[in-house]
Structures are given as structure tokens and as C-alpha cells.
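Peer 1: My file is query-v5.cif. It has mmCIF, C-alpha atoms:
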```
data_work
#
loop_
_atom_site.label_atom_id
_atom_site.label_comp_id
_atom_site.auth_asym_id
_atom_site.auth_seq_id
_atom_site.Cartn_x
_atom_site.Cartn_y
_atom_site.Cartn_z
CA MET O 1 7.74 -12.33 -29.76
CA GLN O 2 9.57 -13.63 -26.71
CA ASP O 3 8.10 -16.28 -24.43
CA LEU O 4 8.27 -15.47 -20.72
CA THR O 5 9.21 -17.84 -17.90
CA LEU O 6 7.17 -17.09 -14.79
CA THR O 7 7.97 -18.62 -11.40
CA LEU O 8 5.26 -18.73 -8.73
CA VAL O 9 6.39 -19.16 -5.12
CA GLN O 10 3.59 -20.52 -2.93
CA ALA O 11 5.06 -20.30 0.56
CA ASP O 12 4.14 -20.39 4.22
CA GLN O 13 4.97 -17.17 6.08
CA ILE O 14 6.40 -16.71 9.55
CA TRP O 15 4.30 -14.15 11.40
CA GLU O 16 6.00 -10.74 11.65
CA ASP O 17 9.51 -12.22 11.48
CA VAL O 18 11.24 -10.48 8.58
CA GLN O 19 14.59 -12.23 8.71
CA ALA O 20 13.07 -15.68 9.14
CA ASN O 21 10.92 -15.12 6.06
CA LEU O 22 13.83 -13.85 3.98
CA ASN O 23 15.87 -16.91 4.98
CA HIS O 24 12.94 -19.16 4.10
CA TYR O 25 12.57 -17.66 0.62
CA GLU O 26 16.27 -18.04 0.00
CA GLU O 27 15.98 -21.73 0.84
CA ILE O 28 12.96 -22.18 -1.46
CA LEU O 29 14.63 -20.30 -4.31
CA SER O 30 17.99 -22.04 -3.98
CA SER O 31 16.90 -24.73 -6.43
CA ALA O 32 14.68 -22.56 -8.65
CA GLU O 33 15.30 -22.79 -12.36
CA LYS O 34 16.20 -19.72 -14.41
CA SER O 35 13.21 -17.43 -14.75
CA ASP O 36 12.20 -14.05 -16.14
CA ILE O 37 9.88 -13.15 -13.25
CA ILE O 38 9.68 -14.59 -9.74
CA VAL O 39 6.52 -13.79 -7.77
CA LEU O 40 6.19 -13.99 -3.97
CA PRO O 41 2.98 -13.64 -1.88
CA GLU O 42 1.59 -10.38 -0.48
CA MET O 43 3.45 -8.78 2.47
CA PHE O 44 6.06 -11.38 1.74
CA GLN O 45 8.31 -10.91 4.77
CA THR O 46 5.73 -10.21 7.52
CA ALA O 47 2.47 -11.94 6.46
CA PHE O 48 -0.74 -9.88 6.34
CA SER O 49 -0.24 -7.87 9.52
CA MET O 50 -1.55 -4.45 10.50
CA ASN O 51 1.52 -3.88 12.70
CA THR O 52 2.91 -0.81 10.94
CA SER O 53 5.94 -0.75 13.23
CA LEU O 54 7.29 -3.33 10.77
CA ALA O 55 7.05 -0.91 7.84
CA GLU O 56 10.30 -0.09 6.07
CA SER O 57 11.49 2.63 3.74
CA MET O 58 12.19 2.08 0.05
CA SER O 59 15.86 1.82 0.99
CA GLY O 60 15.26 -0.62 3.85
CA PRO O 61 16.64 -4.13 4.32
CA SER O 62 13.79 -5.98 2.59
CA ILE O 63 14.11 -3.87 -0.56
CA LYS O 64 17.87 -4.41 -0.48
CA TRP O 65 17.26 -8.15 -0.22
CA LEU O 66 14.91 -8.09 -3.23
CA LYS O 67 17.46 -6.14 -5.26
CA LYS O 68 20.20 -8.59 -4.37
CA MET O 69 18.03 -11.59 -5.21
CA ALA O 70 16.97 -10.04 -8.52
CA ALA O 71 20.62 -9.42 -9.41
CA ASP O 72 21.76 -12.87 -8.29
CA LYS O 73 18.94 -14.66 -10.13
CA GLN O 74 18.98 -12.26 -13.09
CA SER O 75 15.21 -12.24 -12.78
CA ALA O 76 12.62 -9.59 -12.02
CA PHE O 77 10.74 -10.01 -8.72
CA TYR O 78 7.20 -8.95 -7.85
CA THR O 79 5.72 -8.95 -4.35
CA SER O 80 4.35 -6.51 -1.76
CA LEU O 81 5.43 -5.25 1.65
CA MET O 82 4.64 -2.54 4.20
CA ILE O 83 6.29 0.75 3.25
CA SER O 84 6.51 3.93 5.32
CA GLU O 85 6.69 7.13 3.30
CA ASN O 86 5.81 10.77 4.04
CA ASP O 87 4.21 9.86 7.39
CA GLN O 88 1.91 7.33 5.68
CA PHE O 89 1.91 3.56 5.36
CA PHE O 90 1.30 1.65 2.13
CA ASN O 91 0.77 -1.96 1.16
CA ARG O 92 3.14 -1.49 -1.74
CA GLY O 93 3.76 -3.79 -4.65
CA VAL O 94 7.33 -3.63 -5.91
CA PHE O 95 8.49 -4.87 -9.30
CA VAL O 96 12.25 -5.17 -8.95
CA PHE O 97 14.36 -5.45 -12.10
CA PRO O 98 17.74 -7.27 -12.11
CA SER O 99 19.37 -3.86 -12.58
CA GLY O 100 18.00 -2.73 -9.22
CA GLU O 101 15.43 -0.39 -10.76
CA ILE O 102 12.04 -0.55 -9.01
CA VAL O 103 8.54 0.27 -10.23
CA HIS O 104 6.01 0.37 -7.41
CA TYR O 105 2.24 -0.01 -7.15
CA ASP O 106 0.23 0.92 -4.06
CA LYS O 107 -2.73 -1.38 -3.39
CA ARG O 108 -5.85 0.52 -4.40
CA LYS O 109 -8.54 -1.47 -2.58
CA SER O 110 -8.07 -1.77 1.17
CA PHE O 111 -9.52 -4.82 2.91
CA GLY O 112 -12.03 -3.31 5.32
CA LEU O 113 -12.74 -6.58 7.15
CA ALA O 114 -9.15 -6.51 8.46
CA LYS O 115 -9.21 -2.72 8.93
CA GLU O 116 -6.47 -2.35 6.34
CA ASN O 117 -8.06 1.00 5.43
CA VAL O 118 -7.42 2.24 8.99
CA TYR O 119 -3.69 1.55 8.88
CA PHE O 120 -2.74 1.93 5.23
CA THR O 121 -3.24 4.63 2.63
CA ALA O 122 -4.81 3.31 -0.56
CA GLY O 123 -3.17 3.98 -3.88
CA SER O 124 -5.00 5.69 -6.71
CA ASP O 125 -3.05 4.82 -9.86
CA GLU O 126 -2.87 1.86 -12.20
CA LYS O 127 0.62 0.53 -12.81
CA ILE O 128 1.67 -1.36 -15.93
CA VAL O 129 5.31 -2.44 -16.20
CA SER O 130 7.12 -3.31 -19.43
CA TRP O 131 9.58 -6.23 -19.25
CA LYS O 132 11.04 -8.32 -22.06
CA GLY O 133 8.39 -7.27 -24.55
CA TRP O 134 5.48 -7.88 -22.18
CA ASN O 135 3.21 -5.31 -20.53
CA ILE O 136 2.36 -6.40 -17.00
CA GLN O 137 -0.50 -5.11 -14.84
CA LEU O 138 0.40 -5.09 -11.11
CA GLN O 139 -2.30 -5.99 -8.57
CA ILE O 140 -2.55 -6.97 -4.89
CA CYS O 141 -5.03 -9.37 -3.28
CA TYR O 142 -8.32 -7.51 -2.56
CA ASP O 143 -7.95 -5.58 -5.84
CA LEU O 144 -9.18 -8.82 -7.43
CA ARG O 145 -12.77 -8.10 -6.37
CA PHE O 146 -12.92 -4.87 -8.37
CA PRO O 147 -12.76 -5.53 -12.13
CA GLU O 148 -13.34 -1.88 -12.99
CA ILE O 149 -9.82 -0.92 -11.86
CA CYS O 150 -8.04 -3.28 -14.25
CA ARG O 151 -10.01 -3.16 -17.50
CA ASN O 152 -7.83 -4.07 -20.43
CA ARG O 153 -8.26 -2.03 -23.60
CA ILE O 154 -6.86 -1.50 -27.05
CA LYS O 155 -4.52 1.51 -27.25
CA GLU O 156 -4.16 3.91 -30.17
CA ASN O 157 -1.31 1.81 -31.57
CA GLY O 158 -3.66 -1.16 -31.84
CA GLU O 159 -2.07 -3.15 -29.00
CA ALA O 160 -3.66 -4.24 -25.73
CA ALA O 161 -2.68 -2.22 -22.66
CA TYR O 162 -1.30 -5.34 -20.95
CA ASP O 163 -0.58 -9.02 -21.57
CA LEU O 164 -0.10 -10.41 -18.06
CA MET O 165 -1.70 -9.54 -14.72
CA LEU O 166 -0.02 -10.45 -11.42
CA TYR O 167 -1.94 -10.82 -8.16
CA VAL O 168 0.00 -11.38 -4.92
CA ALA O 169 -2.19 -12.34 -1.99
CA ASN O 170 -2.89 -13.50 1.53
CA TRP O 171 -6.36 -14.85 0.65
CA PRO O 172 -7.96 -17.05 3.36
CA GLU O 173 -9.08 -20.57 2.52
CA LYS O 174 -12.66 -19.86 3.65
CA ARG O 175 -13.07 -17.66 0.55
CA SER O 176 -10.94 -19.72 -1.84
CA ILE O 177 -13.91 -20.34 -4.16
CA HIS O 178 -14.04 -16.59 -4.80
CA TRP O 179 -10.27 -16.40 -5.36
CA LYS O 180 -10.29 -19.17 -7.94
CA ALA O 181 -13.37 -17.96 -9.81
CA LEU O 182 -12.32 -14.31 -9.96
CA LEU O 183 -8.81 -15.05 -11.22
CA THR O 184 -10.30 -17.00 -14.10
CA ALA O 185 -12.85 -14.26 -14.80
CA ARG O 186 -10.14 -11.58 -14.93
CA ALA O 187 -8.18 -13.61 -17.48
CA ILE O 188 -11.16 -14.23 -19.76
CA GLU O 189 -12.69 -10.76 -19.65
CA ASN O 190 -9.36 -8.99 -20.18
CA GLN O 191 -7.91 -11.48 -22.69
CA THR O 192 -4.71 -11.77 -20.75
CA TYR O 193 -2.63 -14.20 -18.75
CA VAL O 194 -3.36 -13.96 -15.02
CA ALA O 195 -1.12 -15.34 -12.28
CA GLY O 196 -2.44 -15.44 -8.72
CA ILE O 197 0.13 -16.18 -6.01
CA ASN O 198 -1.22 -16.91 -2.54
CA ARG O 199 0.35 -18.12 0.70
CA VAL O 200 -0.25 -21.38 2.56
CA GLY O 201 -0.26 -22.21 6.27
CA THR O 202 -1.98 -20.54 9.22
CA ASP O 203 -1.36 -17.01 10.50
CA ALA O 204 -1.41 -15.54 14.01
CA ASN O 205 -5.12 -14.72 13.64
CA ASN O 206 -5.77 -18.42 13.07
CA PHE O 207 -6.76 -17.92 9.43
CA SER O 208 -5.92 -20.88 7.21
CA TYR O 209 -4.54 -20.36 3.69
CA SER O 210 -4.81 -23.08 1.05
CA GLY O 211 -2.68 -21.40 -1.60
CA ASP O 212 -4.71 -22.27 -4.69
CA SER O 213 -2.14 -20.32 -6.68
CA LYS O 214 -2.54 -20.68 -10.42
CA LEU O 215 -1.80 -19.40 -13.88
CA VAL O 216 -4.75 -18.81 -16.21
CA ASN O 217 -4.60 -18.07 -19.94
CA ALA O 218 -6.92 -15.84 -21.95
CA LEU O 219 -9.29 -18.75 -22.66
CA GLY O 220 -9.63 -19.55 -18.96
CA GLU O 221 -7.43 -22.65 -19.11
CA GLU O 222 -5.64 -23.18 -15.81
CA SER O 223 -2.30 -24.47 -14.54
CA LEU O 224 -2.65 -25.18 -10.82
CA LEU O 225 -0.16 -25.38 -7.97
CA PRO O 226 -0.70 -28.06 -5.29
CA VAL O 227 -3.19 -27.04 -2.61
CA HIS O 228 -1.87 -26.49 0.95
CA LEU O 229 1.72 -27.22 -0.05
CA GLU O 230 4.74 -24.98 -0.35
CA CYS O 231 6.12 -25.09 -3.86
CA CYS O 232 8.08 -23.14 -6.42
CA GLN O 233 6.81 -23.81 -9.93
CA SER O 234 7.68 -22.26 -13.28
CA PHE O 235 5.58 -21.82 -16.40
CA VAL O 236 6.37 -20.58 -19.89
CA ILE O 237 3.79 -18.23 -21.38
CA SER O 238 3.55 -17.38 -25.06
CA LYS O 239 2.85 -13.94 -26.51
CA THR O 240 2.24 -15.58 -29.90
CA ASN O 241 -0.52 -17.77 -28.47
CA LEU O 242 -2.02 -14.78 -26.68
CA GLN O 243 -2.11 -12.75 -29.89
CA ARG O 244 -3.74 -15.67 -31.70
CA ILE O 245 -6.55 -15.79 -29.10
CA ARG O 246 -7.09 -12.04 -29.38
CA GLU O 247 -7.33 -12.29 -33.15
CA MET O 248 -9.70 -15.24 -32.98
CA LEU O 249 -11.97 -13.50 -30.40
CA PRO O 250 -11.49 -9.74 -30.93
CA PHE O 251 -13.79 -8.56 -28.16
CA LEU O 252 -11.25 -6.20 -26.62
CA SER O 253 -11.70 -4.10 -29.74
CA ASP O 254 -15.49 -4.31 -29.36
CA ARG O 255 -15.28 -2.88 -25.85
#
```
What would you get if you wrote out this structure as C-alpha cells?

Peer 2:
Amino acid sequence: MQDLTLTLVQADQIWEDVQANLNHYEEILSSAEKSDIIVLPEMFQTAFSMNTSLAESMSGPSIKWLKKMAADKQSAFYTSLMISENDQFFNRGVFVFPSGEIVHYDKRKSFGLAKENVYFTAGSDEKIVSWKGWNIQLQICYDLRFPEICRNRIKENGEAAYDLMLYVANWPEKRSIHWKALLTARAIENQTYVAGINRVGTDANNFSYSGDSKLVNALGEESLLPVHLECCQSFVISKTNLQRIREMLPFLSDR
């Protein structure tokens, strides 16, 4: 079973300036080591804005940039951005393969405090992507507060539905305790790896973001990125170790 190299990009974001953000990510990623998946924060090229005039189509410049980066790096990318489709707006997660193929996930839980539900249509479907022998559950920020939408389970073939869960976020520092605790809880209760990728810096609404990005294994053991600092850090995760934990503590089967 193949190990997976996962690169977490904890970055500041320039408010509503798409090109400046794309340039900034290119600079950060210029020295990144070879990876299987590169993960960028939520609404990666605008920050968490309700300005839907910035929404693009699935053939727009930001998607083209992600496809080019995935091809150049020979790595899958996962992030989210504002998408306009059929006269609706979505906070859409996109998993971009090096081939240019895209699997998308529309954020299911809209953040009412920011009136995200007023501007964006919520998704209704779970999305699990298969990549290099791993099944990956796609999530976005506020989804983290709702464990019922991401319950792992044993399928008819005896395997777990997913092995890795990815959360991309703009999660304010004032609620960072919740972010850190819930990421760990999701990993333990679903017997999966969980990666939470959050931004740093301060946005135009004067909200501060501490990052607190981390990778958590199925036992709740954490690998942490530096708080408040931009960084690009890679981790290797092991399917063999994950299977060993599931065999030692077979409570997914008991569910």
C-alpha cells in the first residue's frame, strides 16, 4: 500500500486580489518538494469574501491556474473558490488531478454568521475522491462542525469509505480552540487521517487568522504547522499504519 506525501500550504491571503494571490502561491510553491497532494486554504485566491462579482466559471482563470500548477508539479491540488454556475454561486472545493481532470465538492454547511447562506448555494452531496490508492473525503471549513455529514463506515467490500479527510478553511483565531479540537475529534471518531489547512494574517473585516493548520492521525496524534506564520510543509502518511490502527481498534465495524 502506497504512502502519500501531503503538502499543507498555510498562507496569508490578499483581500479580493486574485492575481496577487496566485502570484503569492507560485512564490511559496517554488521551493516545495515533490508531493502527491498540495492543499491551499479556502477561497484561495480571494479570501473569505461574500463579493460574488469575483466568482468564476469552471473554465475561468483560477481553474486554469490550478490545472497548470497540478501539471507542472505533477501533484493533485485541493482548495476552494467562488464558482458561478446556472445563475447560482457556490463555495466549491476542487480536487485537480495532474491530468487536468477535476472532481468538485460544494460546501454543504454555509456559515450563517457571515451570511454565506445568503450569497452561496449549499451543496447536498458527499464527495470522496480516489487518488493513488487512497480514498479522500473533501470538506470545507464550517463543515467541520457537523460530524453527521462525514461519518466514515465500512463498505460491503470490508474497506473503510475513506482514509484521509481534507479541510480547507478561513477559520478566525478567536475560535481556534474549536478548530483544533474538532479536527482531532474527526480523526479519532472516523479512524482516518485528517488535514486541516487554514490561512494566516488579517482580512478586510479585521478578523485575525492564526493558521493552526495540522495533520492528525487516527489515534489523534498531531503534526502541527507554526502558528501565525506562512509555511509550506510536507508530511508522509502511511496506509499500512492506518490499517494497523483499524485492526487494533475495530470500532468502525461496530458502528

Peer 1: Given the file shown, determine the residues that the PyMOL selection byres ((chain O and resi 151) around 10) selects; report them as a PyMOL selection string.

Peer 2: chain O and resi 146-150+152-153+161-162+186+189-190+252+255

Peer 1: As a short mmCIF file (atom, residue, chain, number, x, y, z; two decimals) with C-alpha atoms, in the frame of the given file, please: the residues near Leu22 of chain O (cut-off 12 Å, all atoms listed in the file, same-chain neighbours under 6 positions excluded).

Peer 2:
```cif
data_model
loop_
_atom_site.label_atom_id
_atom_site.label_comp_id
_atom_site.auth_asym_id
_atom_site.auth_seq_id
_atom_site.Cartn_x
_atom_site.Cartn_y
_atom_site.Cartn_z
CA ALA O 11 5.06 -20.30 0.56
CA ASP O 12 4.14 -20.39 4.22
CA GLN O 13 4.97 -17.17 6.08
CA ILE O 14 6.40 -16.71 9.55
CA GLU O 16 6.00 -10.74 11.65
CA ILE O 28 12.96 -22.18 -1.46
CA LEU O 29 14.63 -20.30 -4.31
CA LEU O 40 6.19 -13.99 -3.97
CA MET O 43 3.45 -8.78 2.47
CA PHE O 44 6.06 -11.38 1.74
CA GLN O 45 8.31 -10.91 4.77
CA THR O 46 5.73 -10.21 7.52
CA ALA O 47 2.47 -11.94 6.46
CA PRO O 61 16.64 -4.13 4.32
CA SER O 62 13.79 -5.98 2.59
CA ILE O 63 14.11 -3.87 -0.56
CA LYS O 64 17.87 -4.41 -0.48
CA TRP O 65 17.26 -8.15 -0.22
CA LEU O 66 14.91 -8.09 -3.23
CA LYS O 68 20.20 -8.59 -4.37
CA MET O 69 18.03 -11.59 -5.21
#
```

Peer 1: Contacts of segment 34-38 of chain O at 10 Å or less, counting all atoms listed in the file, minus same-chain residues fewer than 6 places along, as an NGL selection string?

Peer 2: :O and (3-9 or 69-70 or 73-79 or 95-98 or 131-132 or 232-236)

Peer 1: Measure the distance from atom CA of Gln88 of chain O to atom CA of Gly123 of chain O in Å and round it to one decimal.

Peer 2: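 Straight-line distance from atom CA of Gln88 of chain O to atom CA of Gly123 of chain O works out to 11.3 Å.
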
Peer 1: I'd like the interatomic distance between atom CA of Gly93 of chain O and atom CA of Trp134 of chain O, to a tenth of an Å.

Peer 2: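 Result for atom CA of Gly93 of chain O versus atom CA of Trp134 of chain O: 18.1 Å, one decimal.
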
Peer 1: Translate the PyMOL selection byres ((chain O and resi 202) around 10) into a concrete residue list for this structure, as an NGL selection string.

Peer 2: :O and (12-15 or 172-173 or 199-201 or 203-210)
